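The data block below is input_3.pdb; it holds PDB, C-alpha atoms.
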MODEL        1
ATOM      1  CA  MET A   7      -6.338  23.869   4.008  1.00  0.00           C
ATOM      2  CA  ARG A   8      -5.025  22.394   0.800  1.00  0.00           C
ATOM      3  CA  ARG A   9      -2.478  24.488  -1.059  1.00  0.00           C
ATOM      4  CA  THR A  10      -0.246  24.116  -4.094  1.00  0.00           C
ATOM      5  CA  ILE A  11       3.353  25.148  -4.695  1.00  0.00           C
ATOM      6  CA  ASP A  12       5.065  25.318  -8.064  1.00  0.00           C
ATOM      7  CA  TYR A  13       8.664  24.131  -7.908  1.00  0.00           C
ATOM      8  CA  GLY A  14       9.228  24.324 -11.631  1.00  0.00           C
ATOM      9  CA  GLU A  15      11.280  21.411 -12.942  1.00  0.00           C
ATOM     10  CA  ARG A  16      11.397  19.952  -9.440  1.00  0.00           C
ATOM     11  CA  GLY A  17       7.683  19.374  -9.566  1.00  0.00           C
ATOM     12  CA  HIS A  18       4.284  20.635  -8.556  1.00  0.00           C
ATOM     13  CA  VAL A  19       3.594  20.237  -4.826  1.00  0.00           C
ATOM     14  CA  THR A  20       0.166  19.789  -3.267  1.00  0.00           C
ATOM     15  CA  VAL A  21       0.045  20.090   0.526  1.00  0.00           C
ATOM     16  CA  ASP A  22      -2.909  18.678   2.464  1.00  0.00           C
ATOM     17  CA  ARG A  23      -3.627  18.117   6.128  1.00  0.00           C
ATOM     18  CA  ASP A  24      -2.555  14.524   6.795  1.00  0.00           C
ATOM     19  CA  VAL A  25      -1.670  11.146   5.314  1.00  0.00           C
ATOM     20  CA  LYS A  26      -5.298  10.148   4.767  1.00  0.00           C
ATOM     21  CA  ALA A  27      -5.929  13.328   2.790  1.00  0.00           C
ATOM     22  CA  ILE A  28      -2.950  12.811   0.498  1.00  0.00           C
ATOM     23  CA  ALA A  29      -3.895   9.165   0.037  1.00  0.00           C
ATOM     24  CA  ALA A  30      -7.336  10.314  -1.136  1.00  0.00           C
ATOM     25  CA  LEU A  31      -5.689  12.662  -3.648  1.00  0.00           C
ATOM     26  CA  ALA A  32      -3.414   9.867  -4.837  1.00  0.00           C
ATOM     27  CA  VAL A  33      -6.378   7.575  -5.431  1.00  0.00           C
ATOM     28  CA  GLU A  34      -7.981  10.231  -7.626  1.00  0.00           C
ATOM     29  CA  ASP A  35      -4.833  10.298  -9.764  1.00  0.00           C
ATOM     30  CA  PHE A  36      -5.094   6.528 -10.071  1.00  0.00           C
ATOM     31  CA  ALA A  37      -8.656   6.896 -11.371  1.00  0.00           C
ATOM     32  CA  LEU A  38      -7.592   9.604 -13.821  1.00  0.00           C
ATOM     33  CA  ALA A  39      -4.774   7.430 -15.169  1.00  0.00           C
ATOM     34  CA  TYR A  40      -7.317   4.676 -15.713  1.00  0.00           C
ATOM     35  CA  LEU A  41      -9.715   7.009 -17.524  1.00  0.00           C
ATOM     36  CA  ARG A  42      -7.001   8.420 -19.781  1.00  0.00           C
ATOM     37  CA  ALA A  43      -5.961   4.924 -20.798  1.00  0.00           C
ATOM     38  CA  GLU A  44      -9.581   3.910 -21.334  1.00  0.00           C
ATOM     39  CA  GLY A  45      -9.956   6.863 -23.643  1.00  0.00           C
ATOM     40  CA  GLN A  46      -7.156   5.351 -25.731  1.00  0.00           C
ATOM     41  CA  ARG A  47      -8.724   1.892 -25.485  1.00  0.00           C
ATOM     42  CA  ARG A  48      -5.803   0.269 -23.714  1.00  0.00           C
ATOM     43  CA  PRO A  49      -4.992  -0.905 -20.177  1.00  0.00           C
ATOM     44  CA  ALA A  50      -3.445   1.563 -17.729  1.00  0.00           C
ATOM     45  CA  LEU A  51       0.120   0.745 -16.696  1.00  0.00           C
ATOM     46  CA  VAL A  52       0.734   1.789 -13.073  1.00  0.00           C
ATOM     47  CA  ALA A  53       3.626   1.192 -10.681  1.00  0.00           C
ATOM     48  CA  LEU A  54       2.715   1.181  -6.996  1.00  0.00           C
ATOM     49  CA  SER A  55       5.081   1.797  -4.099  1.00  0.00           C
ATOM     50  CA  GLY A  56       5.492   0.468  -0.604  1.00  0.00           C
ATOM     51  CA  GLY A  57       5.073   2.432   2.611  1.00  0.00           C
ATOM     52  CA  SER A  58       2.336   3.697   4.888  1.00  0.00           C
ATOM     53  CA  THR A  59       0.584   6.070   2.481  1.00  0.00           C
ATOM     54  CA  PRO A  60      -0.127   3.374  -0.145  1.00  0.00           C
ATOM     55  CA  LYS A  61      -1.657   1.268   2.607  1.00  0.00           C
ATOM     56  CA  GLN A  62      -4.097   4.120   3.173  1.00  0.00           C
ATOM     57  CA  MET A  63      -4.830   4.079  -0.567  1.00  0.00           C
ATOM     58  CA  TYR A  64      -5.748   0.403  -0.380  1.00  0.00           C
ATOM     59  CA  GLU A  65      -8.629   1.250   1.928  1.00  0.00           C
ATOM     60  CA  PHE A  66     -10.053   3.548  -0.758  1.00  0.00           C
ATOM     61  CA  PHE A  67      -9.504   0.907  -3.454  1.00  0.00           C
ATOM     62  CA  LYS A  68     -11.688  -1.530  -1.512  1.00  0.00           C
ATOM     63  CA  HIS A  69     -14.519   0.924  -0.944  1.00  0.00           C
ATOM     64  CA  PRO A  70     -17.642  -0.061  -2.930  1.00  0.00           C
ATOM     65  CA  LEU A  71     -18.009   3.413  -4.436  1.00  0.00           C
ATOM     66  CA  PHE A  72     -14.451   3.437  -5.762  1.00  0.00           C
ATOM     67  CA  LYS A  73     -14.577  -0.152  -6.967  1.00  0.00           C
ATOM     68  CA  ARG A  74     -17.402   0.834  -9.292  1.00  0.00           C
ATOM     69  CA  ARG A  75     -15.259   3.547 -10.884  1.00  0.00           C
ATOM     70  CA  ILE A  76     -12.573   1.137 -12.090  1.00  0.00           C
ATOM     71  CA  VAL A  77     -12.770  -1.836 -14.415  1.00  0.00           C
ATOM     72  CA  TRP A  78      -9.919  -3.603 -12.726  1.00  0.00           C
ATOM     73  CA  ASP A  79      -9.131  -5.951 -15.577  1.00  0.00           C
ATOM     74  CA  ARG A  80      -8.189  -2.823 -17.530  1.00  0.00           C
ATOM     75  CA  MET A  81      -5.321  -2.168 -15.101  1.00  0.00           C
ATOM     76  CA  GLN A  82      -1.784  -3.552 -15.125  1.00  0.00           C
ATOM     77  CA  LEU A  83      -0.079  -3.118 -11.755  1.00  0.00           C
ATOM     78  CA  PHE A  84       3.651  -3.297 -11.068  1.00  0.00           C
ATOM     79  CA  TRP A  85       5.806  -2.222  -8.118  1.00  0.00           C
ATOM     80  CA  GLY A  86       8.631   0.288  -8.291  1.00  0.00           C
ATOM     81  CA  ASP A  87      10.794  -1.696  -5.909  1.00  0.00           C
ATOM     82  CA  GLU A  88      10.823  -4.701  -3.643  1.00  0.00           C
ATOM     83  CA  ARG A  89      12.739  -6.319  -0.825  1.00  0.00           C
ATOM     84  CA  TRP A  90      14.368  -9.680  -1.478  1.00  0.00           C
ATOM     85  CA  VAL A  91      11.747 -11.539   0.551  1.00  0.00           C
ATOM     86  CA  PRO A  92       8.907 -13.941  -0.354  1.00  0.00           C
ATOM     87  CA  ILE A  93       5.611 -12.319  -1.260  1.00  0.00           C
ATOM     88  CA  ASP A  94       3.977 -13.671   1.903  1.00  0.00           C
ATOM     89  CA  HIS A  95       6.624 -11.925   4.059  1.00  0.00           C
ATOM     90  CA  ASP A  96       5.450  -8.974   6.160  1.00  0.00           C
ATOM     91  CA  GLU A  97       7.981  -6.677   4.445  1.00  0.00           C
ATOM     92  CA  SER A  98       6.940  -7.488   0.875  1.00  0.00           C
ATOM     93  CA  ASN A  99       5.460  -4.455  -0.908  1.00  0.00           C
ATOM     94  CA  ALA A 100       3.430  -6.591  -3.285  1.00  0.00           C
ATOM     95  CA  GLY A 101       2.393  -8.817  -0.398  1.00  0.00           C
ATOM     96  CA  ALA A 102       1.068  -5.799   1.496  1.00  0.00           C
ATOM     97  CA  ALA A 103      -0.977  -4.823  -1.560  1.00  0.00           C
ATOM     98  CA  ARG A 104      -2.301  -8.341  -1.963  1.00  0.00           C
ATOM     99  CA  ARG A 105      -3.398  -8.430   1.654  1.00  0.00           C
ATOM    100  CA  GLY A 106      -4.556  -4.808   1.542  1.00  0.00           C
ATOM    101  CA  PHE A 107      -6.853  -4.887  -1.474  1.00  0.00           C
ATOM    102  CA  ILE A 108      -5.935  -7.272  -4.307  1.00  0.00           C
ATOM    103  CA  ASP A 109      -7.401 -10.408  -2.779  1.00  0.00           C
ATOM    104  CA  GLU A 110     -10.534  -8.599  -1.653  1.00  0.00           C
ATOM    105  CA  ILE A 111     -11.350  -7.121  -5.050  1.00  0.00           C
ATOM    106  CA  GLY A 112     -10.526 -10.415  -6.764  1.00  0.00           C
ATOM    107  CA  LEU A 113      -7.942  -9.033  -9.178  1.00  0.00           C
ATOM    108  CA  ASP A 114      -6.762 -11.776 -11.535  1.00  0.00           C
ATOM    109  CA  GLU A 115      -3.073 -12.665 -11.484  1.00  0.00           C
ATOM    110  CA  GLU A 116      -2.598 -11.535 -15.081  1.00  0.00           C
ATOM    111  CA  HIS A 117      -3.273  -7.948 -13.989  1.00  0.00           C
ATOM    112  CA  TRP A 118      -0.784  -7.590 -11.128  1.00  0.00           C
ATOM    113  CA  HIS A 119       2.906  -8.328 -11.358  1.00  0.00           C
ATOM    114  CA  PRO A 120       4.979  -8.776  -8.203  1.00  0.00           C
ATOM    115  CA  TRP A 121       8.745  -8.998  -8.434  1.00  0.00           C
ATOM    116  CA  PRO A 122       9.623 -12.721  -8.824  1.00  0.00           C
ATOM    117  CA  THR A 123      11.381 -13.123  -5.492  1.00  0.00           C
ATOM    118  CA  HIS A 124      10.700 -16.865  -5.649  1.00  0.00           C
ATOM    119  CA  LEU A 125      13.606 -17.194  -8.093  1.00  0.00           C
ATOM    120  CA  ASP A 126      17.018 -18.293  -6.869  1.00  0.00           C
ATOM    121  CA  ASP A 127      18.983 -15.195  -7.817  1.00  0.00           C
ATOM    122  CA  PRO A 128      18.104 -11.475  -7.437  1.00  0.00           C
ATOM    123  CA  ASN A 129      19.732 -10.550 -10.752  1.00  0.00           C
ATOM    124  CA  GLN A 130      17.688 -13.214 -12.494  1.00  0.00           C
ATOM    125  CA  ALA A 131      14.572 -11.773 -10.832  1.00  0.00           C
ATOM    126  CA  ALA A 132      15.406  -8.253 -12.050  1.00  0.00           C
ATOM    127  CA  THR A 133      15.942  -9.484 -15.606  1.00  0.00           C
ATOM    128  CA  ALA A 134      12.641 -11.357 -15.478  1.00  0.00           C
ATOM    129  CA  TYR A 135      10.854  -8.260 -14.198  1.00  0.00           C
ATOM    130  CA  GLU A 136      12.216  -6.120 -17.004  1.00  0.00           C
ATOM    131  CA  THR A 137      10.966  -8.729 -19.450  1.00  0.00           C
ATOM    132  CA  SER A 138       7.530  -8.679 -17.807  1.00  0.00           C
ATOM    133  CA  ILE A 139       7.329  -4.906 -18.093  1.00  0.00           C
ATOM    134  CA  ARG A 140       8.222  -5.042 -21.781  1.00  0.00           C
ATOM    135  CA  ILE A 141       5.736  -7.803 -22.520  1.00  0.00           C
ATOM    136  CA  VAL A 142       2.842  -6.095 -20.749  1.00  0.00           C
ATOM    137  CA  ALA A 143       3.718  -2.710 -22.257  1.00  0.00           C
ATOM    138  CA  ASN A 144       4.254  -4.336 -25.650  1.00  0.00           C
ATOM    139  CA  GLU A 145       7.494  -2.395 -25.993  1.00  0.00           C
ATOM    140  CA  PHE A 146      10.661  -4.323 -26.832  1.00  0.00           C
ATOM    141  CA  ASP A 147      12.841  -1.750 -28.592  1.00  0.00           C
ATOM    142  CA  SER A 148      12.322   1.459 -26.629  1.00  0.00           C
ATOM    143  CA  THR A 149      11.702   2.351 -22.996  1.00  0.00           C
ATOM    144  CA  PRO A 150       8.171   1.401 -21.888  1.00  0.00           C
ATOM    145  CA  VAL A 151       5.889   4.223 -20.799  1.00  0.00           C
ATOM    146  CA  PHE A 152       4.021   3.926 -17.499  1.00  0.00           C
ATOM    147  CA  ASP A 153       0.869   5.974 -17.135  1.00  0.00           C
ATOM    148  CA  LEU A 154       1.593   6.610 -13.470  1.00  0.00           C
ATOM    149  CA  VAL A 155       4.448   5.768 -11.096  1.00  0.00           C
ATOM    150  CA  TYR A 156       3.978   6.215  -7.357  1.00  0.00           C
ATOM    151  CA  LEU A 157       7.071   6.844  -5.259  1.00  0.00           C
ATOM    152  CA  GLY A 158       7.843   7.469  -1.631  1.00  0.00           C
ATOM    153  CA  MET A 159      10.830   9.283  -0.159  1.00  0.00           C
ATOM    154  CA  GLY A 160      12.867   8.180   2.815  1.00  0.00           C
ATOM    155  CA  ASP A 161      14.253  10.545   5.419  1.00  0.00           C
ATOM    156  CA  ASP A 162      17.664   9.834   3.853  1.00  0.00           C
ATOM    157  CA  GLY A 163      16.466  11.036   0.435  1.00  0.00           C
ATOM    158  CA  HIS A 164      16.118   7.622  -1.183  1.00  0.00           C
ATOM    159  CA  THR A 165      13.223   6.718  -3.427  1.00  0.00           C
ATOM    160  CA  ALA A 166      12.110   3.293  -4.658  1.00  0.00           C
ATOM    161  CA  SER A 167      15.252   1.356  -3.677  1.00  0.00           C
ATOM    162  CA  LEU A 168      17.644   3.956  -5.069  1.00  0.00           C
ATOM    163  CA  PHE A 169      19.735   4.714  -1.995  1.00  0.00           C
ATOM    164  CA  PRO A 170      22.367   7.398  -1.371  1.00  0.00           C
ATOM    165  CA  GLY A 171      25.855   6.359  -2.403  1.00  0.00           C
ATOM    166  CA  THR A 172      24.768   3.495  -4.664  1.00  0.00           C
ATOM    167  CA  GLU A 173      25.442   3.305  -8.390  1.00  0.00           C
ATOM    168  CA  ALA A 174      21.833   2.361  -9.081  1.00  0.00           C
ATOM    169  CA  VAL A 175      20.847   6.027  -9.250  1.00  0.00           C
ATOM    170  CA  HIS A 176      22.983   6.411 -12.390  1.00  0.00           C
ATOM    171  CA  GLU A 177      21.733   3.293 -14.209  1.00  0.00           C
ATOM    172  CA  GLN A 178      20.660   4.252 -17.729  1.00  0.00           C
ATOM    173  CA  GLU A 179      20.609   0.933 -19.571  1.00  0.00           C
ATOM    174  CA  ARG A 180      18.431  -1.475 -17.627  1.00  0.00           C
ATOM    175  CA  LEU A 181      14.846  -0.958 -16.521  1.00  0.00           C
ATOM    176  CA  ALA A 182      15.085  -3.112 -13.390  1.00  0.00           C
ATOM    177  CA  ILE A 183      18.088  -4.105 -11.307  1.00  0.00           C
ATOM    178  CA  ALA A 184      19.077  -5.962  -8.171  1.00  0.00           C
ATOM    179  CA  HIS A 185      21.733  -4.340  -6.032  1.00  0.00           C
ATOM    180  CA  GLU A 186      23.263  -4.431  -2.589  1.00  0.00           C
ATOM    181  CA  VAL A 187      22.483  -1.597  -0.187  1.00  0.00           C
ATOM    182  CA  PRO A 188      25.346  -1.510   2.345  1.00  0.00           C
ATOM    183  CA  LYS A 189      23.563   0.720   4.874  1.00  0.00           C
ATOM    184  CA  LEU A 190      20.793  -1.874   5.116  1.00  0.00           C
ATOM    185  CA  ASP A 191      23.031  -4.910   4.632  1.00  0.00           C
ATOM    186  CA  ALA A 192      20.336  -6.090   2.236  1.00  0.00           C
ATOM    187  CA  THR A 193      19.568  -6.820  -1.394  1.00  0.00           C
ATOM    188  CA  ARG A 194      16.978  -4.625  -3.038  1.00  0.00           C
ATOM    189  CA  LEU A 195      15.165  -4.846  -6.368  1.00  0.00           C
ATOM    190  CA  THR A 196      14.246  -1.594  -8.062  1.00  0.00           C
ATOM    191  CA  MET A 197      13.091   0.075 -11.219  1.00  0.00           C
ATOM    192  CA  THR A 198      15.716   2.486 -12.485  1.00  0.00           C
ATOM    193  CA  PRO A 199      15.515   6.203 -13.305  1.00  0.00           C
ATOM    194  CA  LYS A 200      15.544   5.206 -16.968  1.00  0.00           C
ATOM    195  CA  VAL A 201      12.020   3.793 -16.835  1.00  0.00           C
ATOM    196  CA  ILE A 202      10.667   5.976 -14.014  1.00  0.00           C
ATOM    197  CA  ASN A 203      11.637   9.158 -15.860  1.00  0.00           C
ATOM    198  CA  ASN A 204       9.863   7.923 -18.974  1.00  0.00           C
ATOM    199  CA  ALA A 205       6.471   7.822 -17.241  1.00  0.00           C
ATOM    200  CA  LYS A 206       3.613  10.115 -18.153  1.00  0.00           C
ATOM    201  CA  GLU A 207       3.288  11.048 -14.503  1.00  0.00           C
ATOM    202  CA  VAL A 208       5.416  10.445 -11.421  1.00  0.00           C
ATOM    203  CA  LEU A 209       3.796  11.082  -8.061  1.00  0.00           C
ATOM    204  CA  PHE A 210       5.735  11.276  -4.792  1.00  0.00           C
ATOM    205  CA  LEU A 211       3.763  10.633  -1.599  1.00  0.00           C
ATOM    206  CA  VAL A 212       5.496  12.080   1.475  1.00  0.00           C
ATOM    207  CA  ALA A 213       4.059  12.283   4.983  1.00  0.00           C
ATOM    208  CA  GLY A 214       5.290  12.900   8.503  1.00  0.00           C
ATOM    209  CA  ALA A 215       7.476  15.368  10.375  1.00  0.00           C
ATOM    210  CA  GLY A 216      10.437  13.021  10.026  1.00  0.00           C
ATOM    211  CA  LYS A 217      10.524  13.774   6.279  1.00  0.00           C
ATOM    212  CA  ALA A 218      10.378  17.588   6.609  1.00  0.00           C
ATOM    213  CA  GLU A 219      14.118  18.281   6.627  1.00  0.00           C
ATOM    214  CA  MET A 220      14.872  16.016   3.683  1.00  0.00           C
ATOM    215  CA  LEU A 221      11.928  17.292   1.646  1.00  0.00           C
ATOM    216  CA  HIS A 222      13.256  20.809   2.200  1.00  0.00           C
ATOM    217  CA  ARG A 223      16.700  19.757   0.989  1.00  0.00           C
ATOM    218  CA  VAL A 224      15.358  17.894  -2.038  1.00  0.00           C
ATOM    219  CA  LEU A 225      13.081  20.707  -3.209  1.00  0.00           C
ATOM    220  CA  ASP A 226      14.830  23.854  -1.952  1.00  0.00           C
ATOM    221  CA  GLY A 227      18.483  22.853  -1.877  1.00  0.00           C
ATOM    222  CA  PRO A 228      21.195  22.245  -4.491  1.00  0.00           C
ATOM    223  CA  VAL A 229      21.022  19.167  -6.691  1.00  0.00           C
ATOM    224  CA  ASP A 230      23.086  16.205  -5.485  1.00  0.00           C
ATOM    225  CA  VAL A 231      21.559  12.966  -6.722  1.00  0.00           C
ATOM    226  CA  ASP A 232      24.228  10.824  -5.054  1.00  0.00           C
ATOM    227  CA  SER A 233      23.218  11.984  -1.588  1.00  0.00           C
ATOM    228  CA  MET A 234      19.539  12.586  -2.453  1.00  0.00           C
ATOM    229  CA  PRO A 235      18.467  10.069  -5.115  1.00  0.00           C
ATOM    230  CA  SER A 236      14.926  11.475  -5.133  1.00  0.00           C
ATOM    231  CA  GLN A 237      16.372  14.386  -7.089  1.00  0.00           C
ATOM    232  CA  ALA A 238      17.262  11.992  -9.931  1.00  0.00           C
ATOM    233  CA  ILE A 239      13.563  11.686 -10.732  1.00  0.00           C
ATOM    234  CA  ARG A 240      12.823  14.231 -13.433  1.00  0.00           C
ATOM    235  CA  PRO A 241      10.322  12.889 -15.991  1.00  0.00           C
ATOM    236  CA  GLU A 242      11.519  13.663 -19.488  1.00  0.00           C
ATOM    237  CA  ASN A 243       8.122  14.221 -21.071  1.00  0.00           C
ATOM    238  CA  GLY A 244       5.717  13.683 -18.200  1.00  0.00           C
ATOM    239  CA  ARG A 245       4.565  15.424 -15.041  1.00  0.00           C
ATOM    240  CA  LEU A 246       6.314  15.341 -11.675  1.00  0.00           C
ATOM    241  CA  ARG A 247       4.033  15.870  -8.700  1.00  0.00           C
ATOM    242  CA  TRP A 248       4.369  15.709  -4.922  1.00  0.00           C
ATOM    243  CA  PHE A 249       1.484  15.086  -2.526  1.00  0.00           C
ATOM    244  CA  VAL A 250       2.706  15.915   0.984  1.00  0.00           C
ATOM    245  CA  ASP A 251       1.072  16.443   4.332  1.00  0.00           C
ATOM    246  CA  GLU A 252       1.406  19.553   6.481  1.00  0.00           C
ATOM    247  CA  ALA A 253       3.983  17.940   8.748  1.00  0.00           C
ATOM    248  CA  ALA A 254       6.291  17.009   5.880  1.00  0.00           C
ATOM    249  CA  ALA A 255       5.867  20.449   4.274  1.00  0.00           C
ATOM    250  CA  ALA A 256       6.763  22.363   7.439  1.00  0.00           C
ATOM    251  CA  ARG A 257      10.247  23.442   6.273  1.00  0.00           C
ATOM    252  CA  LEU A 258       9.536  24.212   2.627  1.00  0.00           C
ATOM    253  CA  GLU A 259      10.736  27.689   1.692  1.00  0.00           C
ATOM    254  CA  ARG A 260       8.174  28.273  -1.022  1.00  0.00           C
ATOM    255  CA  LYS A 261       4.688  28.705   0.378  1.00  0.00           C
ATOM    256  CA  LYS A 262       2.586  28.972  -2.772  1.00  0.00           C
TER     257      LYS A 262
ENDMDL
END
Could you render the structure as structure tokens?
Amino acid sequence: MRRTIDYGERGHVTVDRDVKAIAALAVEDFALAYLRAEGQRRPALVALSGGSTPKQMYEFFKHPLFKRRIVWDRMQLFWGDERWVPIDHDESNAGAARRGFIDEIGLDEEHWHPWPTHLDDPNQAATAYETSIRIVANEFDSTPVFDLVYLGMGDDGHTASLFPGTEAVHEQERLAIAHEVPKLDATRLTMTPKVINNAKEVLFLVAGAGKAEMLHRVLDGPVDVDSMPSQAIRPENGRLRWFVDEAAAARLERKK
């Protein structure tokens, strides 16, 4: 049975039975973001995430009934983070979306914006991505406002590619950065809290028993953004929501 839990400034939590159920809820938020933007006669600016739950969302996106609810050329899609791999690599978040639904629905390239991992240097790619965000949002002096940002959470408390113990979680100047993640021995590209926290809505998607302990710490425990970067996400003027499955919610102290 679906239930909701109010965690105050830490967000509003909706618990549903499994990953497919929370993916269905997440798709409805996507449609609402589109409708709100349509009401203002502008494209909707949405940042997708990687992970297993978004892949479930892609199945809904392709469904004929849902496709008729969205005028896709009124969407502008970005990704909150990316691995430093080509888009055709199995680990590319944007590549997974392209294979999962973008090619099938025929979304024109001007409406989806993968990180430019074809460039020679990750820092150059991050700078280019920030420029792309500003151009599409038509905002060059202030922080652009996304209608909706999807995020996941790792069992180590990271979100996007903001990992524990990295300085990226404290970045307040740039919108997009490249940085080294020692625990992964890898380069990651990520949007920063500066732009994520300026969104109208931020939605965490968390599923699986392996996330239960960390979700409990992030929502019920003391604030420590260096060890749990997910806690650094606190939208300044927007809504913070969590869609989690029963397995991930098993250790939450608040029940309603």
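Put simply, CA of Ala53 in chain A is 22.0 Å away from CA of Glu173 in chain A.
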Apply the PyMOL selection byres ((chain A and resi 204) around 7) to the structure shown and report the selected residues as a short mmCIF file (atom, residue, chain, number, x, y, z; two decimals) with C-alpha atoms, in the frame of the given file.
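Generated output (expr20.cif):
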data_model
loop_
_atom_site.label_atom_id
_atom_site.label_comp_id
_atom_site.auth_asym_id
_atom_site.auth_seq_id
_atom_site.Cartn_x
_atom_site.Cartn_y
_atom_site.Cartn_z
CA VAL A 151 5.89 4.22 -20.80
CA LYS A 200 15.54 5.21 -16.97
CA VAL A 201 12.02 3.79 -16.84
CA ILE A 202 10.67 5.98 -14.01
CA ASN A 203 11.64 9.16 -15.86
CA ALA A 205 6.47 7.82 -17.24
CA LYS A 206 3.61 10.12 -18.15
CA PRO A 241 10.32 12.89 -15.99
CA GLU A 242 11.52 13.66 -19.49
CA ASN A 243 8.12 14.22 -21.07
#
List every residue of range 99-159 of chain A that has an atom at most 10 Å from any atom of range 39-52 of chain A, giving for each one its closest atom pair and the distance in Å to one decimal, counting all atoms listed in the file, sorted by chain and then by ascending residue number, as a Markdown table.
| residue | atom | partner | partner_atom | distance |
| --- | --- | --- | --- | --- |
| A:His117 | CA | A:Pro49 | CA | 9.5 |
| A:Trp118 | CA | A:Val52 | CA | 9.7 |
| A:Ile139 | CA | A:Leu51 | CA | 9.3 |
| A:Val142 | CA | A:Leu51 | CA | 8.4 |
| A:Ala143 | CA | A:Leu51 | CA | 7.5 |
| A:Pro150 | CA | A:Leu51 | CA | 9.6 |
| A:Val151 | CA | A:Leu51 | CA | 7.9 |
| A:Phe152 | CA | A:Leu51 | CA | 5.1 |
| A:Asp153 | CA | A:Leu51 | CA | 5.3 |
| A:Leu154 | CA | A:Val52 | CA | 4.9 |
| A:Val155 | CA | A:Val52 | CA | 5.8 |
| A:Tyr156 | CA | A:Val52 | CA | 7.9 |
Exercise. Just the residues within 7 Å of range 119-133 of chain A, please, counting only C-alpha atoms, with nothing from its chain fewer than 6 positions along; format it as JSON, numbers by chain.
Key: {"A": [83, 84, 85, 88, 90, 91, 92, 100, 182, 183, 184, 195]}
Practice problem: Go through A:Pro170, A:Asp22, A:Arg194, A:Arg16 one by one, measure the shortest atom-to-atom distance of each to Ser98 in chain A using only C-alpha atoms, and give the residue with the smallest value. | Solution: A:Arg194
Quiz item: Between CA of Leu225 in chain A and CA of Gly163 in chain A, what is the distance, to one decimal in Å?
Solution: 10.9 Å
Quiz item: Do you know which residues are at most 12 Å from Arg75 in chain A counting all atoms listed in the file, after dropping those on the same chain fewer than 5 positions away, and could you put them as a PyMOL selection string?
Solution: chain A and resi 33-34+36-41+44+66-70+80
Any chance you could export the current selection's C-alpha atoms as a JSON list (two decimals), in the frame of the given file?
[["chain", "number", "residue", "atom", "x", "y", "z"],
["A", 33, "VAL", "CA", -6.38, 7.58, -5.43],
["A", 34, "GLU", "CA", -7.98, 10.23, -7.63],
["A", 36, "PHE", "CA", -5.09, 6.53, -10.07],
["A", 37, "ALA", "CA", -8.66, 6.90, -11.37],
["A", 38, "LEU", "CA", -7.59, 9.60, -13.82],
["A", 39, "ALA", "CA", -4.77, 7.43, -15.17],
["A", 40, "TYR", "CA", -7.32, 4.68, -15.71],
["A", 41, "LEU", "CA", -9.72, 7.01, -17.52],
["A", 44, "GLU", "CA", -9.58, 3.91, -21.33],
["A", 66, "PHE", "CA", -10.05, 3.55, -0.76],
["A", 67, "PHE", "CA", -9.50, 0.91, -3.45],
["A", 68, "LYS", "CA", -11.69, -1.53, -1.51],
["A", 69, "HIS", "CA", -14.52, 0.92, -0.94],
["A", 70, "PRO", "CA", -17.64, -0.06, -2.93],
["A", 80, "ARG", "CA", -8.19, -2.82, -17.53]]
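Atom to atom, CA of Asp12 in chain A and CA of Trp248 in chain A stand 10.1 Å apart.
Comparing the minimum interatomic distances between His222 in chain A and each of A:Glu97, A:Glu177, A:Asp161, A:Glu116, counting all atoms listed in the file, we find that A:Asp161 sits nearest.
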Exercise. Find, counting all atoms listed in the file, the residue in A:Ala27, A:Leu54, A:Ala213, A:Met234 that gets nearest to Arg104 in chain A.
Key: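 For Arg104 in chain A, the nearest of the given residues is A:Leu54.
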Exercise. Mind checking which residues fall within 6 Å of Phe249 in chain A, counting only C-alpha atoms, ignoring those fewer than 2 positions away in the same chain, and posting them as a PyMOL selection string?
Key: chain A and resi 20+28+211
Practice problem: Using the chain letters and numbering of this document, enumerate as JSON, numbers by chain the residues selected by the PyMOL selection byres ((chain A and resi 168) around 9). | Solution: {"A": [87, 164, 165, 166, 167, 169, 170, 171, 172, 173, 174, 175, 187, 194, 196, 197, 198, 199, 235, 236]}
Those same residues - C-alpha atoms - I'd like them written as a compact mmCIF listing (two decimals), in the frame of the given file.
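Output saved as part.txt:
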# COMPACT_ATOMS: atom_id res chain seq x y z
CA ASP A 87 10.79 -1.70 -5.91
CA HIS A 164 16.12 7.62 -1.18
CA THR A 165 13.22 6.72 -3.43
CA ALA A 166 12.11 3.29 -4.66
CA SER A 167 15.25 1.36 -3.68
CA PHE A 169 19.74 4.71 -2.00
CA PRO A 170 22.37 7.40 -1.37
CA GLY A 171 25.86 6.36 -2.40
CA THR A 172 24.77 3.50 -4.66
CA GLU A 173 25.44 3.30 -8.39
CA ALA A 174 21.83 2.36 -9.08
CA VAL A 175 20.85 6.03 -9.25
CA VAL A 187 22.48 -1.60 -0.19
CA ARG A 194 16.98 -4.62 -3.04
CA THR A 196 14.25 -1.59 -8.06
CA MET A 197 13.09 0.08 -11.22
CA THR A 198 15.72 2.49 -12.48
CA PRO A 199 15.52 6.20 -13.30
CA PRO A 235 18.47 10.07 -5.12
CA SER A 236 14.93 11.48 -5.13
